[in-house]
file model16.txt (compact mmCIF, C-alpha atoms and all ligand atoms)
# COMPACT_ATOMS: atom_id res chain seq x y z
CA ALA C 174 35.49 2.85 37.50
CA ARG C 175 32.75 4.41 35.51
CA GLN C 176 34.46 3.73 32.24
CA LYS C 177 35.03 0.19 33.31
CA ALA C 178 31.38 -0.30 34.14
CA GLY C 179 30.55 1.16 30.76
CA ARG C 180 32.83 -1.26 29.08
CA ASN C 181 31.34 -4.14 31.01
CA ASN C 182 27.94 -2.93 30.01
CA PHE C 183 28.96 -2.92 26.41
CA ARG C 184 30.25 -6.44 26.63
CA PHE C 185 27.06 -7.51 28.34
CA TYR C 186 24.95 -6.20 25.51
CA SER C 187 27.11 -7.22 22.62
CA PRO C 188 25.89 -10.84 22.32
CA LYS C 189 22.33 -9.54 21.91
CA ILE C 190 23.43 -7.04 19.33
CA ASN C 191 25.20 -9.84 17.49
CA GLN C 192 22.10 -11.97 17.67
CA ARG C 193 20.01 -9.23 16.10
CA ALA C 194 22.62 -8.61 13.44
CA ASN C 195 22.70 -12.33 12.68
CA GLN C 196 18.94 -12.45 12.36
CA GLN C 197 19.06 -9.50 9.98
CA LEU C 198 21.78 -11.19 7.96
CA GLN C 199 19.83 -14.45 7.86
CA MET C 200 16.73 -12.63 6.69
CA GLU C 201 18.71 -10.76 4.08
CA ASN C 202 20.04 -14.07 2.72
CA ASP C 203 16.54 -15.51 2.76
CA LEU C 204 15.21 -12.46 0.92
CA HIS C 205 17.78 -12.86 -1.84
CA LYS C 206 16.76 -16.50 -2.21
CA ALA C 207 13.10 -15.51 -2.13
CA VAL C 208 13.67 -13.26 -5.14
CA GLU C 209 15.40 -16.09 -7.03
CA ARG C 210 12.68 -18.57 -6.13
CA ASN C 211 9.75 -16.24 -6.69
CA GLU C 212 8.41 -16.67 -3.18
CA PHE C 213 6.38 -13.45 -3.23
CA LEU C 214 2.65 -13.60 -3.57
CA VAL C 215 0.34 -10.71 -4.35
CA TYR C 216 -2.92 -10.43 -2.42
CA TYR C 217 -5.68 -8.00 -3.38
CA GLN C 218 -7.82 -5.78 -1.18
CA PRO C 219 -10.97 -4.35 -2.78
CA LYS C 220 -11.78 -0.65 -2.81
CA VAL C 221 -15.41 0.39 -3.17
CA ASP C 222 -17.13 3.46 -4.44
CA VAL C 223 -19.28 4.61 -1.51
CA SER C 224 -22.20 6.11 -3.45
CA SER C 225 -22.66 3.18 -5.87
CA GLY C 226 -21.41 0.41 -3.59
CA GLN C 227 -19.43 -0.99 -6.54
CA LEU C 228 -15.95 -2.45 -6.59
CA CYS C 229 -13.80 0.33 -8.08
CA GLY C 230 -10.25 -0.88 -7.60
CA MET C 231 -7.96 -3.21 -5.71
CA GLU C 232 -4.69 -2.71 -3.88
CA ALA C 233 -1.91 -5.22 -4.50
CA LEU C 234 -0.34 -6.17 -1.16
CA VAL C 235 2.67 -8.45 -1.21
CA ARG C 236 3.21 -11.44 1.09
CA TRP C 237 6.27 -13.63 1.39
CA GLN C 238 5.73 -17.36 1.38
CA HIS C 239 8.73 -18.32 3.46
CA PRO C 240 9.61 -22.03 3.09
CA GLU C 241 9.87 -22.47 6.91
CA SER C 242 8.14 -19.51 8.53
CA GLY C 243 5.03 -19.56 6.34
CA MET C 244 3.34 -16.37 5.23
CA VAL C 245 5.37 -13.30 6.24
CA SER C 246 3.70 -9.89 6.39
CA PRO C 247 5.17 -7.00 4.38
CA ASP C 248 5.74 -4.96 7.54
CA ASP C 249 8.24 -7.64 8.56
CA PHE C 250 10.39 -7.62 5.41
CA ILE C 251 9.75 -4.48 3.34
CA PRO C 252 11.73 -2.21 5.73
CA LEU C 253 14.80 -4.48 5.40
CA ALA C 254 14.29 -4.82 1.65
CA GLU C 255 14.29 -1.03 1.47
CA THR C 256 17.65 -0.71 3.18
CA ASN C 257 19.50 -3.27 1.03
CA GLY C 258 18.04 -2.56 -2.39
CA ILE C 259 16.06 -5.82 -2.68
CA ILE C 260 12.90 -3.71 -2.84
CA ASP C 261 13.50 -3.07 -6.57
CA ALA C 262 13.41 -6.80 -7.36
CA ILE C 263 10.33 -7.29 -5.16
CA THR C 264 8.48 -4.43 -6.86
CA GLU C 265 9.36 -5.91 -10.23
CA GLN C 266 7.95 -9.31 -9.21
CA VAL C 267 4.80 -7.66 -7.86
CA LEU C 268 4.36 -5.78 -11.14
CA VAL C 269 4.91 -8.92 -13.22
CA GLN C 270 2.42 -10.87 -11.11
CA VAL C 271 -0.19 -8.11 -11.30
CA CYS C 272 0.27 -7.86 -15.07
CA GLY C 273 -0.19 -11.63 -15.32
CA HIS C 274 -3.40 -11.48 -13.31
CA LEU C 275 -4.75 -8.53 -15.32
CA THR C 276 -4.05 -10.50 -18.50
CA ARG C 277 -5.82 -13.57 -17.17
CA TRP C 278 -8.87 -11.49 -16.21
CA GLN C 279 -8.99 -9.95 -19.66
CA GLU C 280 -8.60 -13.35 -21.30
CA ALA C 281 -11.57 -14.55 -19.24
CA SER C 282 -13.54 -11.58 -20.62
CA LEU C 283 -13.69 -9.94 -17.20
CA GLU C 284 -13.29 -6.19 -17.13
CA PRO C 285 -10.55 -5.67 -14.53
CA VAL C 286 -10.61 -2.82 -12.03
CA PRO C 287 -7.47 -0.71 -11.65
CA VAL C 288 -4.85 -2.29 -9.39
CA ALA C 289 -2.82 -0.09 -7.03
CA ILE C 290 0.84 -0.92 -6.51
CA ASN C 291 2.84 0.38 -3.56
CA LEU C 292 6.18 2.05 -4.24
CA SER C 293 8.74 2.60 -1.49
CA PRO C 294 10.16 6.08 -0.86
CA VAL C 295 13.73 4.85 -1.46
CA GLN C 296 12.79 3.82 -4.99
CA PHE C 297 12.36 7.46 -5.94
CA LYS C 298 16.11 7.91 -5.59
CA ASN C 299 16.43 5.91 -8.81
CA PRO C 300 15.84 8.19 -11.81
CA GLN C 301 15.16 5.07 -13.92
CA LEU C 302 12.11 4.12 -11.82
CA ALA C 303 9.43 5.53 -14.13
CA GLY C 304 11.10 4.24 -17.29
CA LYS C 305 11.36 0.74 -15.83
CA ILE C 306 7.69 0.63 -14.83
CA ILE C 307 6.54 1.96 -18.21
CA LYS C 308 8.70 -0.58 -20.05
CA GLN C 309 7.43 -3.45 -17.96
CA LEU C 310 3.79 -2.60 -18.61
CA LYS C 311 4.40 -2.30 -22.34
CA LYS C 312 6.16 -5.64 -22.37
CA ASN C 313 3.12 -7.21 -20.72
CA ASN C 314 0.65 -5.37 -22.94
CA ILE C 315 -1.12 -3.74 -20.00
CA LEU C 316 -2.59 -0.27 -20.40
CA PRO C 317 -1.53 2.27 -17.73
CA LYS C 318 -5.18 2.98 -16.92
CA TYR C 319 -5.22 -0.36 -15.08
CA ILE C 320 -2.36 0.63 -12.77
CA GLU C 321 -2.36 3.08 -9.90
CA LEU C 322 0.82 3.85 -8.02
CA GLU C 323 0.77 4.49 -4.28
CA ILE C 324 3.47 6.64 -2.81
CA THR C 325 3.91 8.07 0.68
CA GLU C 326 4.88 11.53 1.80
CA ASN C 327 8.29 10.22 2.80
CA ALA C 328 9.14 9.79 -0.86
CA VAL C 329 8.69 13.50 -1.24
CA ALA C 330 10.38 14.61 1.94
CA ASP C 331 13.70 13.10 0.86
CA ASN C 332 14.12 14.68 -2.56
CA LEU C 333 11.27 16.88 -3.68
CA ALA C 334 12.45 18.00 -7.12
CA ALA C 335 13.54 14.56 -8.32
CA THR C 336 10.33 12.98 -7.03
CA ILE C 337 8.15 15.53 -8.77
CA ASP C 338 9.96 14.85 -12.06
CA LEU C 339 9.43 11.10 -11.65
CA ILE C 340 5.77 11.56 -10.84
CA HIS C 341 5.26 13.76 -13.90
CA GLU C 342 6.91 11.09 -16.02
CA LEU C 343 4.46 8.52 -14.64
CA THR C 344 1.33 10.67 -14.96
CA ASP C 345 2.33 11.67 -18.50
CA ALA C 346 2.47 7.96 -19.31
CA GLY C 347 -1.12 7.59 -18.06
CA PHE C 348 -0.72 6.15 -14.56
CA SER C 349 -2.71 7.60 -11.72
CA ILE C 350 -0.96 8.42 -8.46
CA SER C 351 -2.25 8.10 -4.90
CA LEU C 352 -0.76 9.67 -1.80
CA ASP C 353 -0.82 6.81 0.74
CA ASP C 354 -0.99 7.01 4.55
CA PHE C 355 -2.05 10.65 4.35
CA GLY C 356 -2.26 12.57 7.61
CA THR C 357 0.53 10.72 9.42
CA GLY C 358 3.56 12.79 8.40
CA TYR C 359 4.60 16.40 8.90
CA CYS C 360 3.39 19.15 6.61
CA SER C 361 1.11 16.86 4.64
CA TYR C 362 -0.79 19.74 3.12
CA SER C 363 2.20 21.53 1.67
CA TYR C 364 3.16 18.52 -0.45
CA LEU C 365 -0.17 18.56 -2.23
CA LYS C 366 0.64 21.97 -3.60
CA ASN C 367 3.59 20.81 -5.72
CA PHE C 368 2.55 17.27 -6.15
CA PRO C 369 0.60 15.98 -9.14
CA VAL C 370 -1.46 13.30 -7.37
CA ASP C 371 -4.94 12.10 -8.31
CA LYS C 372 -5.98 10.59 -5.03
CA ILE C 373 -5.44 10.84 -1.29
CA LYS C 374 -5.68 7.85 1.03
CA ILE C 375 -6.53 8.80 4.61
CA ASP C 376 -4.42 6.67 6.92
CA ARG C 377 -6.06 3.96 8.99
CA SER C 378 -4.78 5.49 12.25
CA ILE C 379 -7.07 8.49 11.72
CA ILE C 380 -10.05 6.34 10.72
CA THR C 381 -9.81 3.94 13.68
CA ASP C 382 -11.53 6.20 16.26
CA PHE C 383 -12.90 9.07 14.24
CA THR C 384 -16.53 8.18 14.93
CA GLU C 385 -15.86 8.78 18.65
CA ASN C 386 -12.89 11.14 18.62
CA THR C 387 -13.86 14.69 17.67
CA PHE C 388 -10.27 15.64 16.82
CA ASP C 389 -9.87 12.79 14.32
CA ALA C 390 -13.35 13.50 12.96
CA ALA C 391 -12.31 17.10 12.30
CA ILE C 392 -9.18 15.91 10.49
CA VAL C 393 -11.12 13.47 8.30
CA ASN C 394 -13.64 16.17 7.51
CA SER C 395 -10.97 18.71 6.60
CA ILE C 396 -9.03 16.26 4.40
CA ILE C 397 -12.22 15.43 2.48
CA THR C 398 -13.07 19.11 2.08
CA LEU C 399 -9.55 19.89 0.90
CA ALA C 400 -9.60 17.02 -1.60
CA ASP C 401 -12.92 18.28 -2.96
CA HIS C 402 -11.55 21.78 -3.47
CA LEU C 403 -8.51 20.37 -5.24
CA GLY C 404 -10.56 17.97 -7.36
CA LEU C 405 -8.86 14.92 -5.89
CA LYS C 406 -10.41 11.54 -5.13
CA ILE C 407 -10.42 10.54 -1.50
CA VAL C 408 -10.10 7.03 -0.07
CA ALA C 409 -10.48 6.07 3.58
CA GLU C 410 -8.26 3.15 4.63
CA GLY C 411 -8.89 0.69 7.45
CA VAL C 412 -12.69 0.91 7.52
CA GLU C 413 -13.77 -1.88 9.85
CA THR C 414 -17.28 -0.98 11.02
CA ALA C 415 -20.63 -0.11 9.44
CA GLU C 416 -20.70 2.99 11.61
CA GLN C 417 -17.44 4.24 10.09
CA LEU C 418 -18.80 3.59 6.61
CA LYS C 419 -21.98 5.55 7.33
CA PHE C 420 -20.02 8.49 8.76
CA LEU C 421 -17.78 8.49 5.70
CA ARG C 422 -20.75 8.36 3.35
CA ASP C 423 -22.30 11.34 5.16
CA LEU C 424 -19.01 13.24 4.78
CA ASN C 425 -19.06 12.43 1.02
CA CYS C 426 -15.91 10.35 1.12
CA HIS C 427 -15.58 8.81 -2.37
CA GLN C 428 -14.05 5.41 -1.71
CA VAL C 429 -13.35 3.08 1.20
CA GLN C 430 -11.07 0.14 1.77
CA GLY C 431 -10.99 -2.05 4.86
CA TYR C 432 -11.81 -5.27 6.62
CA LEU C 433 -15.52 -4.34 6.68
CA ILE C 434 -15.60 -4.97 2.94
CA SER C 435 -12.80 -7.53 2.73
CA LYS C 436 -9.33 -8.39 3.97
CA PRO C 437 -6.65 -8.73 1.28
CA VAL C 438 -7.42 -11.97 -0.61
CA PRO C 439 -5.58 -14.27 -3.03
CA TYR C 440 -5.99 -14.05 -6.81
CA GLU C 441 -8.79 -16.64 -6.98
CA GLN C 442 -11.03 -14.75 -4.57
CA ALA C 443 -10.22 -11.42 -6.24
CA THR C 444 -11.42 -13.03 -9.47
CA GLU C 445 -14.74 -13.84 -7.79
CA PHE C 446 -15.08 -10.22 -6.66
CA ILE C 447 -14.61 -9.06 -10.25
CA SER C 448 -16.90 -11.64 -11.83
CA ASP C 449 -19.73 -11.34 -9.31
CA PRO C 450 -20.35 -7.65 -8.42
CA SER C 451 -23.08 -8.61 -5.93
CA LEU C 452 -20.47 -10.06 -3.55
CA ILE C 453 -19.02 -6.63 -2.76
CA ASN C 454 -22.16 -4.64 -3.47
CA GLY C 455 -24.21 -6.80 -1.10
CA LYS C 456 -21.76 -6.17 1.74
CA VAL C 457 -21.84 -2.41 1.25
CA LYS C 458 -25.65 -2.34 1.01
CA ALA C 459 -26.07 -4.49 4.12
CA SER C 460 -23.70 -2.23 6.08
CA LEU C 461 -25.51 0.94 5.03
CA GLU C 462 -28.98 -0.40 5.75
CA HIS C 463 -30.76 0.02 9.08
CA ASP C 464 -29.65 3.58 9.69
CA THR C 465 -29.33 4.23 13.38
P1 LIG W 1 -0.50 0.21 3.04
O1 LIG W 1 -0.07 0.41 1.63
O2 LIG W 1 -0.97 1.40 3.78
O3 LIG W 1 -1.60 -0.93 2.99
C1 LIG W 1 -2.68 -1.02 3.88
C2 LIG W 1 -2.41 -2.01 4.97
O4 LIG W 1 -3.49 -1.96 5.91
C3 LIG W 1 -2.37 -3.46 4.50
O5 LIG W 1 -1.49 -4.19 5.38
C4 LIG W 1 -3.80 -3.92 4.74
O6 LIG W 1 -3.93 -5.32 4.87
C5 LIG W 1 -4.10 -3.22 6.03
N1 LIG W 1 -5.55 -3.02 6.21
C6 LIG W 1 -6.47 -2.74 5.26
N2 LIG W 1 -7.70 -2.60 5.78
C7 LIG W 1 -7.56 -2.80 7.12
C8 LIG W 1 -8.50 -2.78 8.21
O7 LIG W 1 -9.69 -2.55 8.08
N3 LIG W 1 -7.97 -3.03 9.44
C9 LIG W 1 -6.65 -3.27 9.65
N4 LIG W 1 -6.24 -3.51 10.90
N5 LIG W 1 -5.74 -3.28 8.63
C10 LIG W 1 -6.20 -3.05 7.38
P2 LIG W 1 -0.37 -5.15 4.80
O8 LIG W 1 -0.88 -5.92 3.64
O9 LIG W 1 0.18 -5.91 5.97
O10 LIG W 1 0.71 -4.13 4.26
C11 LIG W 1 1.38 -3.28 5.14
C12 LIG W 1 2.21 -2.26 4.41
O11 LIG W 1 3.28 -2.91 3.70
C13 LIG W 1 1.45 -1.49 3.34
O12 LIG W 1 0.71 -0.43 3.91
C14 LIG W 1 2.60 -1.00 2.47
O13 LIG W 1 3.17 0.15 3.03
C15 LIG W 1 3.59 -2.14 2.56
N6 LIG W 1 3.48 -2.97 1.36
C16 LIG W 1 2.63 -3.97 1.07
N7 LIG W 1 2.85 -4.48 -0.17
C17 LIG W 1 3.86 -3.74 -0.69
C18 LIG W 1 4.57 -3.76 -1.96
O14 LIG W 1 4.29 -4.54 -2.89
N8 LIG W 1 5.58 -2.84 -2.10
C19 LIG W 1 5.91 -1.95 -1.11
N9 LIG W 1 6.90 -1.09 -1.36
N10 LIG W 1 5.27 -1.90 0.06
C20 LIG W 1 4.26 -2.79 0.27
MG MG W 2 -0.87 1.34 0.05
MG MG W 3 -1.88 3.11 3.57
MG MG W 4 1.00 1.86 5.35
call {"tool": "encode", "arguments": {"input": "model16.txt", "output": "structure tokens"}}
result
Amino acid sequence: ARQKAGRNNFRFYSPKINQRANQQLQMENDLHKAVERNEFLVYYQPKVDVSSGQLCGMEALVRWQHPESGMVSPDDFIPLAETNGIIDAITEQVLVQVCGHLTRWQEASLEPVPVAINLSPVQFKNPQLAGKIIKQLKKNNILPKYIELEITENAVADNLAATIDLIHELTDAGFSISLDDFGTGYCSYSYLKNFPVDKIKIDRSIITDFTENTFDAAIVNSIITLADHLGLKIVAEGVETAEQLKFLRDLNCHQVQGYLISKPVPYEQATEFISDPSLINGKVKASLEHDT
């Protein structure tokens, strides 16, 4: 009887499972079309240097302009793109778009800030990754000093030796490397030992409450201290309040990124940030004034 109930159960759930599978399949089809039709759009989120208040970089964050659903967030399609290999084509389109924007800024006599591009952990399984990125930049006449690559600990966890080789290939070519979402995985510290990164990005989840939560505050403090000892730059992600910014300044955090300064914005607005430094600088100054 039990087995029977189990079987009935299975049948009961199967339509839902099919529905989910169908949705996945539909999205996968749509993603393939999106690559062909160039439906991906790069937004930019500014990073600021805390002590000078100046714009010091921008992170490229991809969006999908779906013909029916409108703007789709990366959290809703990157995971699928990672499982079916489409991520390589998306990364390539992001790189091409960023190179195009960097070229346009240079042609307008604007000195661009470095742009950070996110790489997915699965991409490190491809030994050609570094070569492809280097080739693409050369083709577009962009110097590696304008590109930062963001990787997460997961990239390392899967295949340490191969990842280290790839990273060395990229740093040798002149790219700088950031460890993204730091503090969320296991054993974060041990990776830093073997890992030639230039920068650590403290994950937003640790920043959210650290001004009130003594545990998170201790973590932020220790990551900053560690980075200082290792000579690494430190960026705090997800800074939303003036209070967080002040705390981070007092802890000597080098750079911040978050809605307090700006949400990710389209190319046109990013161009304004580059051409008029007072837009960003004014926001930082205003947030740091009136010390409480
Ligand atoms: P991430 O690389 O950690 O990027 C930071 C995310 O936090 C972005 O979300 C950004 O909009 C958001 N964020 C920044 N400041 C704040 C803040 O103050 N408050 C809040 N609530 N959120 C903030 P987004 O753009 O939705 O991207 C999500 C994730 O998708 C990224 O996390 C990254 O892992 C992935 N992603 C985005 N673009 C790409 C890409 O081109 N390639 C790959 N492989 N992954 C990408
Ligand atoms: Mg990132
Ligand atoms: Mg992050
Ligand atoms: Mg993230």
call {"tool": "residues_near_ligand", "arguments": {"input": "model16.txt", "ligand": "ligand MG 4 (chain W)", "cutoff": "8 Å", "atoms": "all atoms listed in the file", "output": "PDB file with C-alpha atoms, in the coordinates of the input"}}
result
ATOM      1  CA  ASP C 353      -0.820   6.810   0.740  1.00  0.00           C
ATOM      2  CA  ASP C 354      -0.990   7.010   4.550  1.00  0.00           C
ATOM      3  CA  ASP C 376      -4.420   6.670   6.920  1.00  0.00           C
TER       4      ASP C 376
END
call {"tool": "closest_residue", "arguments": {"input": "model16.txt", "among": "C:Ile260, C:Val393, C:Val271, C:Leu310", "to": "ligand LIG 1 (chain W)", "atoms": "all atoms listed in the file"}}
result
C:Ile260
call {"tool": "residues_around", "arguments": {"input": "model16.txt", "residues": "C:Ala443", "least_positions_apart": "5", "cutoff": "12 Å", "atoms": "all atoms listed in the file", "output": "compact mmCIF listing (two decimals) with C-alpha atoms, in the frame of the given file"}}
result
# COMPACT_ATOMS: atom_id res chain seq x y z
CA VAL C 215 0.34 -10.71 -4.35
CA TYR C 216 -2.92 -10.43 -2.42
CA TYR C 217 -5.68 -8.00 -3.38
CA GLN C 218 -7.82 -5.78 -1.18
CA PRO C 219 -10.97 -4.35 -2.78
CA LYS C 220 -11.78 -0.65 -2.81
CA LEU C 228 -15.95 -2.45 -6.59
CA GLY C 230 -10.25 -0.88 -7.60
CA MET C 231 -7.96 -3.21 -5.71
CA GLU C 232 -4.69 -2.71 -3.88
CA ALA C 233 -1.91 -5.22 -4.50
CA VAL C 271 -0.19 -8.11 -11.30
CA HIS C 274 -3.40 -11.48 -13.31
CA LEU C 275 -4.75 -8.53 -15.32
CA ARG C 277 -5.82 -13.57 -17.17
CA TRP C 278 -8.87 -11.49 -16.21
CA LEU C 283 -13.69 -9.94 -17.20
CA PRO C 285 -10.55 -5.67 -14.53
CA VAL C 286 -10.61 -2.82 -12.03
CA VAL C 288 -4.85 -2.29 -9.39
CA SER C 435 -12.80 -7.53 2.73
CA LYS C 436 -9.33 -8.39 3.97
CA PRO C 437 -6.65 -8.73 1.28
CA VAL C 438 -7.42 -11.97 -0.61
CA SER C 448 -16.90 -11.64 -11.83
CA ASP C 449 -19.73 -11.34 -9.31
CA PRO C 450 -20.35 -7.65 -8.42
CA LEU C 452 -20.47 -10.06 -3.55
CA ILE C 453 -19.02 -6.63 -2.76
call {"tool": "axis_aligned_box", "arguments": {"input": "model16.txt", "around": "stretch 368-374 of chain C", "padding_each_side": "4 Å", "output": "AutoDock Vina command-line options"}}
result
--center_x -1.7 --center_y 12.6 --center_z -4.1 --size_x 16.5 --size_y 17.4 --size_z 18.2
call {"tool": "atom_distance", "arguments": {"input": "model16.txt", "atom1": "atom CA of C:Lys206", "atom2": "atom C1 of ligand LIG 1 (chain W)"}}
result
25.6 Å
call {"tool": "residues_around", "arguments": {"input": "model16.txt", "residues": "C:Arg236", "least_positions_apart": "6", "cutoff": "12 Å", "atoms": "all atoms listed in the file", "output": "ChimeraX atom specification"}}
result
/C:207,211-217,243-251,263-264,266-267,437-439
call {"tool": "write_last_selection", "arguments": {"input": "model16.txt", "atoms": "C-alpha atoms", "output": "PDB file, in the coordinates of the input"}}
result
ATOM      1  CA  ALA C 207      13.100 -15.510  -2.130  1.00  0.00           C
ATOM      2  CA  ASN C 211       9.750 -16.240  -6.690  1.00  0.00           C
ATOM      3  CA  GLU C 212       8.410 -16.670  -3.180  1.00  0.00           C
ATOM      4  CA  PHE C 213       6.380 -13.450  -3.230  1.00  0.00           C
ATOM      5  CA  LEU C 214       2.650 -13.600  -3.570  1.00  0.00           C
ATOM      6  CA  VAL C 215       0.340 -10.710  -4.350  1.00  0.00           C
ATOM      7  CA  TYR C 216      -2.920 -10.430  -2.420  1.00  0.00           C
ATOM      8  CA  TYR C 217      -5.680  -8.000  -3.380  1.00  0.00           C
ATOM      9  CA  GLY C 243       5.030 -19.560   6.340  1.00  0.00           C
ATOM     10  CA  MET C 244       3.340 -16.370   5.230  1.00  0.00           C
ATOM     11  CA  VAL C 245       5.370 -13.300   6.240  1.00  0.00           C
ATOM     12  CA  SER C 246       3.700  -9.890   6.390  1.00  0.00           C
ATOM     13  CA  PRO C 247       5.170  -7.000   4.380  1.00  0.00           C
ATOM     14  CA  ASP C 248       5.740  -4.960   7.540  1.00  0.00           C
ATOM     15  CA  ASP C 249       8.240  -7.640   8.560  1.00  0.00           C
ATOM     16  CA  PHE C 250      10.390  -7.620   5.410  1.00  0.00           C
ATOM     17  CA  ILE C 251       9.750  -4.480   3.340  1.00  0.00           C
ATOM     18  CA  ILE C 263      10.330  -7.290  -5.160  1.00  0.00           C
ATOM     19  CA  THR C 264       8.480  -4.430  -6.860  1.00  0.00           C
ATOM     20  CA  GLN C 266       7.950  -9.310  -9.210  1.00  0.00           C
ATOM     21  CA  VAL C 267       4.800  -7.660  -7.860  1.00  0.00           C
ATOM     22  CA  PRO C 437      -6.650  -8.730   1.280  1.00  0.00           C
ATOM     23  CA  VAL C 438      -7.420 -11.970  -0.610  1.00  0.00           C
ATOM     24  CA  PRO C 439      -5.580 -14.270  -3.030  1.00  0.00           C
TER      25      PRO C 439
END
call {"tool": "atom_distance", "arguments": {"input": "model16.txt", "atom1": "atom CA of C:Gly455", "atom2": "atom CA of C:Gln417"}}
result
17.1 Å
call {"tool": "closest_residue", "arguments": {"input": "model16.txt", "among": "C:Ser460, C:Thr381, C:Ser351, C:Thr414", "to": "ligand MG 2 (chain W)", "atoms": "all atoms listed in the file"}}
result
C:Ser351
call {"tool": "residues_near_ligand", "arguments": {"input": "model16.txt", "ligand": "ligand MG 2 (chain W)", "cutoff": "9 Å", "atoms": "only C-alpha atoms and all ligand atoms", "output": "list in words"}}
result
Glu232, Ala233, Leu234, Ala289, Ile290, Asn291, Leu292, Leu322, Glu323, Ile324, Thr325, Ser351, Leu352, Asp353, Asp354, Lys374 and Glu410 of chain C
call {"tool": "atom_distance", "arguments": {"input": "model16.txt", "atom1": "atom CA of C:Glu342", "atom2": "atom C4 of ligand LIG 1 (chain W)"}}
result
27.8 Å
